[in-house]
Amino acid sequence: MADLLLPLASAGHAAEVVTEGFKAWAPWLVLFIPLGVAFLVAAMPPLRKRGNAAAALAIAGVATGFILTTVLYFLPLLGGHGATYEAVVDWIVVGDVVIQFGSRLDSLALIMTMVVTGIGTAIFVYALGYMHGDPAMGRFYGKFSLFVFSMLGIVISPNFFQTFVFWELVGVSSYLLIGYYWKKHSAGEAAKKAFLTNRVGDFGFLLGILMVWTAVGEATGTLSFDFEVIRHAVFEEGYGASFFGSSWLAGLGAILVFCGCMGKSAQFPLHVWLPDAMEGPTPVSALMHAATMVAAGIYMMIRCFFVLQGSSWAPTVVAWLGGITAFIAATMAITQRDIKKVLAYSTLSQLGYMTMALGAGAYTAAMFHLTTHACFKALLFLCAGSVIHGCHHEQDMTHMGGLKSLMPSTYRTWMIGTVSLTAILPIAGWWSKDEILGSYVGNASIAGGPLLLILGLAVAGMTAFYMFRATHMTFSGSYRGHHPAHESPKVMTGPLWALAIASLFVGFIGIPDNTFGTAHTNIFEHLLHDWHVGESAHLHVWLAALSTVIAIGGALLARAIYAKSEGKDPLPAKLGGIWTLCNELWYVDRFYLWLVRTVQQGIANVCWWFERNVIIQGAINGLSQGTRASGEALRRAQSGRLGAYVTSFVVGAVIVLLVVLVQLQLR
Amino acid sequence: MNLLLLILLTPAIATAVLFAIPGQRVTWVRGVATLASSLVLVASLALAWGYHDAPVGRVAGAGTTAEHVYKHTMDVDWVPSLGLGFRLGVDGIGVAMVLLTAFIIFAGVIVSYTVQKRVKEYYINLMALVTGVFGVFVSLDLFFYYFFYELAVIPMFLLIGIWGSTTRTVDQQYATMKLVLMLSTGAVAALVGLLWLYTQGHTFDMVALEDVKLAVKDQMIWFPVVFLGFASLIPLWPLHSWSPAGHAAAPAAVSMLHAGVLMKLGAFGVLRVAMTYMPDAAAVYLPWVGILCCFNIVYGALVAIRHKDLKLIIGYSSSSHMGYVLLGLASITLVGFSGAVFLMFAHGIMTALAFSLIGWFYDQTHTRMVGDLGGLMKVMPFAGFCFIVAAMASAGLPGFANFVSELMVIIGAWQSDSLFTKIPAVLAVWGLVLTGVYLLRAVKDVWYGDMPERWKDLKDATRPIQKLPFIVLMGVLVWFGFRPQPMIDLAEDGVRPILTRIQEAEAAAAGAQTAATPHDEPAHAEGGR
């Protein structure tokens, strides 16, 4: 254990910490501008009713954040002048319990802020076209801004408590936006399901935070939620051993913290909410349920990676949960007919990859894949939105087809996204996914590591298969819809191209150092140097070649089956039971439904029976049977005249007074 | 003039003035009530605002570690030979509770503009009720404390009995009788305890009583009596069933006061009397309260899940949330105690908001069954927005005072070394999940989805005066959600001496335990933990 920690301990914070001046406090500005927008929209009906004005304000808000972060922090970081900017104040002080609020913008937070505000800006602009004509557009942008605020709160949070606060706020904005079309019964159900599933995850998360908090208190002598204090406790104060005297409990704490990630990043077994969340408007799916919010869990785990490192067995559990998620989600994606659902399961699967990276200790790889995935998955969702918009709110791929010529811009950008997600050289996804798979080569710290590597490769093949299946069903052949399809307006295709270009090039910032034999091609790792732990990413040529071959194989297979199928799916007949299993989502949702409807409701029924028959009927009514008679008398005494009441009240008060006085005199 | 006297007298005078107004002058009646409640609110805000800098009035336990400061005190002898006097004064807990009551009565008076039946008598009772409530929170004399306590119960009986309603789920008469009987039984138990306290100290002066050292043996007998007397009002499981039924039968403003304030009278009594005067017994018994409150939290939530009547849902939810207050008290930590007091405040405001909103549409629909409603967002978007806010606050989401206070309670319970509260803390976190289940279900069934045709003519709150109470209550929740420290400081000021006394008793018991050999003092050792 100790020798595992040693190299990590040396990965200390080399960056200088700035706590004063404008640059230290500017993250607060980035954080609170979107909240201000949300508040203005909520409080000013004229603004809420003029959708375009609210939209302009919201776009300006998120774009300001992007520009501020780029100019103030990102460009200097590229120029080699990176620092950690900190502005923290005491929020709640009760005795020795101190809870702080503020911002800590280090390289990790900076990259995430760039992702959130950058992709956010593109999607906010896109929504202008997508939501066009919606009478409640102002409300939409208000809630969307609230989300950006909540998300940034997690990103710049310096401590676990603040993370939890914004964690919940993100849950609220997700709830509100999934239920945006509240007249639809399914939207209401989906919103509720998302919220409650996350709540279950948060149950573990909060307990995990509390466990870590007390353990850090034991190790260092001060109670603190601060990430830096926890890092210090893990690496220098023997936190793992002093965890109530048990390293097993340290692992339990880490897994409980991971429960938060399991809920928010939809990892097995709490993955069930994410596909249903597609009930929300497509821009919401793109920004929240693909690019940023669902990645919050991964981000949080990277930020507190030392909690995971404090245990010997917890990383293995995390890795396997990630692997399982990646695999089962890919199998589910193959059976979907709804274009957004395909992408939703694909998101689950990719998040599974990131979780695998967390388990293997490849935190930089996880963050890299998070970044590239945010670009191309947001792009794919926006393309899907464009398709849905163009086909007049049709989401079923069997009613699409032939859109290649009808929607050329959408088709081209979709292809860029697909190739990137499929991870075919040399576009974004290839570099980042390969880093994750590479982290399993020769990694002995994970039990069953080689098996996970094989699982990961299988998922790569399936990814290619379901993406090209969707591509062919949507864009190849002839158009099968009922309404004439049309290309989307420029306000929508513009953001598509912006994200497409990002997807094309973002992979090049993470080329492993050994690729060309010269060092420092891995800019991403270099930027994250103060967060980078363990070995540098290494390009394994055999693995890269193998995964590419598998991906191309999957794509060709999909082409053979679907290129000329005209929306008909021959697979159900061929696969039989396996298809049913995948199409029924491995019966996980049904199992939960049974848990809620039968088990929970059953327990509630037992409680209510007890309440009715034992507490009310037995104890209380039994007691009151006797007094019931006097109650009847009292009721007759209610003449309905106030005078009578007042008289009786005064008489009663006097009697009480007398009784007390007499009793006292008797003493 | 003493600020507390002003707060106490204003509703009392309003009651008298209302008597003089002819019953058909409805506008005048409402005007007087509104004026009085506004004045009280302003005075209470002034009280809270200036509390930190106010001069020290009287001090209990002066010179000890558990110095208990009361401010704005007033001391008028009445029956000196009995040690009976009209004594007023507050510590931080009292200030928080006075402020809570002031907000709720202000909102309650305005919400009650919809009452059409015997308006004058309605407001007379409301004002008498609130006089009693204020009296309890500001009295420093056991006699008046009890007097005001009873004063609050009687108008409650009339308000529910006359202006309440019978529904499919709850019979009005039954609920009224049950409520009054339970309240009175609890009050009698408490009264016996109070009288015992008097026999020990020979004074009704609550400050002087703090300096009376009670024998540990006696405390062990009397603590349960006083505690259960007050706790039936909280309501502690299994003494809770009067409360949801009472809510369900009561008119809106009365539900607001009932859940918002009356329940807090119980918790206030537990803190102010049982725990303050009998710290040794508290140190022994409180951990067991940690077990009972689990039933409050989990069982209450599960029963709420089972219900379809909105008022019963919120009623059982109140019983569930008051379990958190009890858990905070059971933790015997500073953050737990402060959190409990803060939660009393936050829960009071939240639940008042929820009941006022249910009242708003119940007046029009005459049904509160979730199955009958649906899609109401279409016709009443403002009320729907407020209801979702109340649900979010109740479910413990950040941005609202409830979140901070509930987390403080959980942190406190977790921080305590005793497994008696650590395991309940885990259940309390699970309770947050269950709360989400029934509240989101209610929100979805009432506000989302298809709207039955018959509700298309329902009216939303549109005029500023209609919106005002909801906005005020939401504003308070959000304000203290973002800026909790002022309320925490108030709570901490009040609970610190009580906590110190209990902790010292705990330490003394532990010391006795280690000093005594096992066969010397087995009975006592078993009591300590």
# chains A, B, ... in the order shown; residues from 1 in each chain; ligands from 1
>>> closest_atom_pairs(of="chain A", to="chain B", cutoff="7 Å", atoms="only C-alpha atoms", output="Markdown table")
| residue | atom | partner | partner_atom | distance |
| --- | --- | --- | --- | --- |
| A:Ile92 | CA | B:Gln485 | CA | 5.8 |
| A:Val94 | CA | B:Val335 | CA | 5.8 |
| A:Gly95 | CA | B:Leu334 | CA | 6.7 |
| A:Val165 | CA | B:Pro398 | CA | 5.6 |
| A:Glu168 | CA | B:Leu397 | CA | 6.3 |
| A:Leu169 | CA | B:Pro398 | CA | 6.4 |
| A:Trp182 | CA | B:Tyr448 | CA | 5.4 |
| A:Lys183 | CA | B:Gly449 | CA | 4.6 |
| A:Lys184 | CA | B:Gly449 | CA | 5.7 |
| A:His185 | CA | B:Gly449 | CA | 4.9 |
| A:Gly188 | CA | B:Lys444 | CA | 6.2 |
| A:Lys192 | CA | B:Leu440 | CA | 6.3 |
| A:Leu196 | CA | B:Gly436 | CA | 6.6 |
| A:Arg199 | CA | B:Val433 | CA | 5.7 |
| A:Val200 | CA | B:Val433 | CA | 6.3 |
| A:Phe203 | CA | B:Val429 | CA | 6.0 |
| A:Ala604 | CA | B:Leu302 | CA | 4.8 |
| A:Asn605 | CA | B:Arg306 | CA | 6.5 |
| A:Cys607 | CA | B:Val303 | CA | 6.0 |
| A:Trp608 | CA | B:Val303 | CA | 5.4 |
| A:Ile615 | CA | B:Pro238 | CA | 7.0 |
| A:Ile616 | CA | B:Ser241 | CA | 6.5 |
| A:Gly631 | CA | B:Met177 | CA | 6.7 |
>>> select_by_dssp(residues="range 198-230 of chain A", states="alpha helix (DSSP H)", output="ChimeraX atom specification")
/A:198-220,227-230
>>> write_last_selection(atoms="C-alpha atoms", output="mmCIF file, in the first residue's frame")
data_model
loop_
_atom_site.group_PDB
_atom_site.id
_atom_site.type_symbol
_atom_site.label_atom_id
_atom_site.label_comp_id
_atom_site.auth_asym_id
_atom_site.auth_seq_id
_atom_site.Cartn_x
_atom_site.Cartn_y
_atom_site.Cartn_z
ATOM 1 C CA ASN A 198 -29.890 10.638 -8.321
ATOM 2 C CA ARG A 199 -31.210 10.987 -4.795
ATOM 3 C CA VAL A 200 -30.376 7.345 -4.151
ATOM 4 C CA GLY A 201 -26.855 8.008 -5.371
ATOM 5 C CA ASP A 202 -26.663 11.101 -3.216
ATOM 6 C CA PHE A 203 -27.640 9.027 -0.196
ATOM 7 C CA GLY A 204 -24.340 7.203 -0.553
ATOM 8 C CA PHE A 205 -22.504 10.351 -1.572
ATOM 9 C CA LEU A 206 -23.487 12.304 1.530
ATOM 10 C CA LEU A 207 -22.606 9.415 3.819
ATOM 11 C CA GLY A 208 -19.310 9.046 1.987
ATOM 12 C CA ILE A 209 -18.564 12.741 2.440
ATOM 13 C CA LEU A 210 -19.345 12.477 6.139
ATOM 14 C CA MET A 211 -17.137 9.415 6.516
ATOM 15 C CA VAL A 212 -14.233 11.069 4.763
ATOM 16 C CA TRP A 213 -14.816 14.227 6.794
ATOM 17 C CA THR A 214 -14.589 12.445 10.138
ATOM 18 C CA ALA A 215 -11.646 10.320 8.978
ATOM 19 C CA VAL A 216 -9.749 13.415 7.904
ATOM 20 C CA GLY A 217 -10.603 14.926 11.267
ATOM 21 C CA GLU A 218 -9.054 11.908 12.950
ATOM 22 C CA ALA A 219 -5.977 11.948 10.767
ATOM 23 C CA THR A 220 -5.189 15.650 10.877
ATOM 24 C CA PHE A 227 -10.112 18.869 -1.043
ATOM 25 C CA GLU A 228 -6.573 20.062 -0.415
ATOM 26 C CA VAL A 229 -6.782 19.133 3.260
ATOM 27 C CA ILE A 230 -8.064 15.687 2.314
#
>>> residues_around(residues="Val307 in chain A", least_positions_apart="4", cutoff="9 Å", atoms="only C-alpha atoms", output="VMD selection string")
chain A and resid 212 230 to 231 234 240 250 to 251 253 to 254 257 301 311
>>> write_last_selection(atoms="C-alpha atoms", output="CSV table (one decimal), in the first residue's frame")
chain,number,residue,atom,x,y,z
A,212,VAL,CA,-14.2,11.1,4.8
A,230,ILE,CA,-8.1,15.7,2.3
A,231,ARG,CA,-5.3,15.3,-0.2
A,234,VAL,CA,-4.2,10.9,2.4
A,240,GLY,CA,-6.1,5.2,4.9
A,250,ALA,CA,-11.5,3.8,3.9
A,251,GLY,CA,-12.5,1.7,0.9
A,253,GLY,CA,-15.9,5.6,2.3
A,254,ALA,CA,-14.4,5.8,-1.2
A,257,VAL,CA,-18.3,8.9,-2.5
A,301,MET,CA,-13.9,11.6,-8.8
A,311,SER,CA,-8.0,2.2,-0.4
>>> residues_around(residues="Leu543 in chain A", least_positions_apart="5", cutoff="12 Å", atoms="only C-alpha atoms", output="PDB file with C-alpha atoms, in the first residue's frame")
ATOM      1  CA  TRP A 430      -9.402   7.703 -31.087  1.00  0.00           C
ATOM      2  CA  TRP A 431      -6.721   9.383 -29.018  1.00  0.00           C
ATOM      3  CA  LYS A 433     -10.271   6.160 -25.851  1.00  0.00           C
ATOM      4  CA  ASP A 434      -6.978   4.570 -26.714  1.00  0.00           C
ATOM      5  CA  GLU A 435      -5.372   6.195 -23.700  1.00  0.00           C
ATOM      6  CA  ILE A 436      -8.008   4.566 -21.496  1.00  0.00           C
ATOM      7  CA  LEU A 437      -7.550   1.124 -23.019  1.00  0.00           C
ATOM      8  CA  GLY A 438      -3.797   1.631 -22.872  1.00  0.00           C
ATOM      9  CA  SER A 439      -3.970   2.229 -19.144  1.00  0.00           C
ATOM     10  CA  TYR A 440      -5.046  -1.409 -18.740  1.00  0.00           C
ATOM     11  CA  VAL A 441      -2.004  -2.767 -20.528  1.00  0.00           C
ATOM     12  CA  LEU A 453      -9.366  -4.722 -21.581  1.00  0.00           C
ATOM     13  CA  ILE A 454     -11.077  -7.346 -23.735  1.00  0.00           C
ATOM     14  CA  GLY A 456     -13.323  -2.516 -23.638  1.00  0.00           C
ATOM     15  CA  LEU A 457     -12.291  -3.709 -27.073  1.00  0.00           C
ATOM     16  CA  ALA A 460     -15.334  -0.456 -29.261  1.00  0.00           C
ATOM     17  CA  HIS A 538       1.794   5.530 -23.622  1.00  0.00           C
ATOM     18  CA  THR A 548      -9.016   0.481 -35.037  1.00  0.00           C
ATOM     19  CA  VAL A 549      -9.478  -2.778 -36.915  1.00  0.00           C
ATOM     20  CA  ILE A 550     -12.270  -3.809 -34.570  1.00  0.00           C
TER      21      ILE A 550
END
>>> closest_residue(among="B:Ala442, B:Ala267, B:Met74, B:Leu292", to="Val341 in chain B", atoms="only C-alpha atoms")
B:Ala267
>>> atom_distance(atom1="CA of Thr474 in chain A", atom2="CA of Leu379 in chain A")
16.0 Å
>>> atom_distance(atom1="CA of Val212 in chain B", atom2="CA of Ala62 in chain B")
12.6 Å
>>> atom_distance(atom1="CA of Thr64 in chain A", atom2="CA of Val491 in chain A")
19.1 Å
>>> closest_residue(among="A:Gly567, A:Gly51, A:Gly179, A:Gly102", to="Phe195 in chain A", atoms="only C-alpha atoms")
A:Gly179
>>> residues_around(residues="range 27-38 of chain A", least_positions_apart="3", cutoff="9 Å", atoms="only C-alpha atoms", output="number ranges by chain")
A: 23-24, 41-43, 54, 57-58, 61-62, 64-66, 68-69, 85-87, 102-105, 139, 141-153, 156
>>> write_last_selection(atoms="C-alpha atoms", output="PDB file, in the first residue's frame")
ATOM      1  CA  LYS A  23      -8.053  37.178 -11.051  1.00  0.00           C
ATOM      2  CA  ALA A  24      -8.658  35.325  -7.833  1.00  0.00           C
ATOM      3  CA  VAL A  41     -35.880  35.902 -16.275  1.00  0.00           C
ATOM      4  CA  ALA A  42     -37.812  34.496 -13.324  1.00  0.00           C
ATOM      5  CA  ALA A  43     -38.523  37.854 -11.713  1.00  0.00           C
ATOM      6  CA  ALA A  54     -34.197  36.215 -22.579  1.00  0.00           C
ATOM      7  CA  LEU A  57     -29.268  37.674 -22.248  1.00  0.00           C
ATOM      8  CA  ALA A  58     -28.591  34.007 -21.511  1.00  0.00           C
ATOM      9  CA  GLY A  61     -24.087  35.375 -19.949  1.00  0.00           C
ATOM     10  CA  VAL A  62     -22.550  32.058 -20.847  1.00  0.00           C
ATOM     11  CA  THR A  64     -19.021  36.116 -21.195  1.00  0.00           C
ATOM     12  CA  GLY A  65     -17.968  33.267 -18.977  1.00  0.00           C
ATOM     13  CA  PHE A  66     -16.218  31.557 -21.847  1.00  0.00           C
ATOM     14  CA  LEU A  68     -13.375  35.626 -19.427  1.00  0.00           C
ATOM     15  CA  THR A  69     -11.937  32.197 -18.696  1.00  0.00           C
ATOM     16  CA  TYR A  85      -6.714  31.010  -8.255  1.00  0.00           C
ATOM     17  CA  GLU A  86      -8.493  30.814  -4.966  1.00  0.00           C
ATOM     18  CA  ALA A  87     -11.185  32.988  -3.400  1.00  0.00           C
ATOM     19  CA  GLY A 102     -15.771  29.900  -2.879  1.00  0.00           C
ATOM     20  CA  SER A 103     -13.818  29.076  -5.958  1.00  0.00           C
ATOM     21  CA  ARG A 104     -10.590  27.266  -6.631  1.00  0.00           C
ATOM     22  CA  LEU A 105      -9.638  27.472 -10.267  1.00  0.00           C
ATOM     23  CA  ARG A 139     -38.596  30.037 -19.170  1.00  0.00           C
ATOM     24  CA  TYR A 141     -33.415  29.926 -21.124  1.00  0.00           C
ATOM     25  CA  GLY A 142     -33.921  30.858 -17.487  1.00  0.00           C
ATOM     26  CA  LYS A 143     -33.736  27.230 -16.403  1.00  0.00           C
ATOM     27  CA  PHE A 144     -30.858  26.564 -18.761  1.00  0.00           C
ATOM     28  CA  SER A 145     -28.885  29.424 -17.201  1.00  0.00           C
ATOM     29  CA  LEU A 146     -29.671  28.042 -13.758  1.00  0.00           C
ATOM     30  CA  PHE A 147     -28.092  24.807 -14.907  1.00  0.00           C
ATOM     31  CA  VAL A 148     -24.913  26.521 -16.084  1.00  0.00           C
ATOM     32  CA  PHE A 149     -24.654  28.219 -12.698  1.00  0.00           C
ATOM     33  CA  SER A 150     -25.078  24.940 -10.830  1.00  0.00           C
ATOM     34  CA  MET A 151     -22.600  23.123 -13.028  1.00  0.00           C
ATOM     35  CA  LEU A 152     -19.925  25.794 -12.681  1.00  0.00           C
ATOM     36  CA  GLY A 153     -20.473  25.659  -8.929  1.00  0.00           C
ATOM     37  CA  ILE A 156     -14.841  25.498  -9.135  1.00  0.00           C
TER      38      ILE A 156
END
>>> residues_around(residues="Leu236 in chain B", least_positions_apart="5", cutoff="9 Å", atoms="only C-alpha atoms", output="number ranges by chain")
B: 228, 231, 292-293, 295-296, 319, 322-323, 326
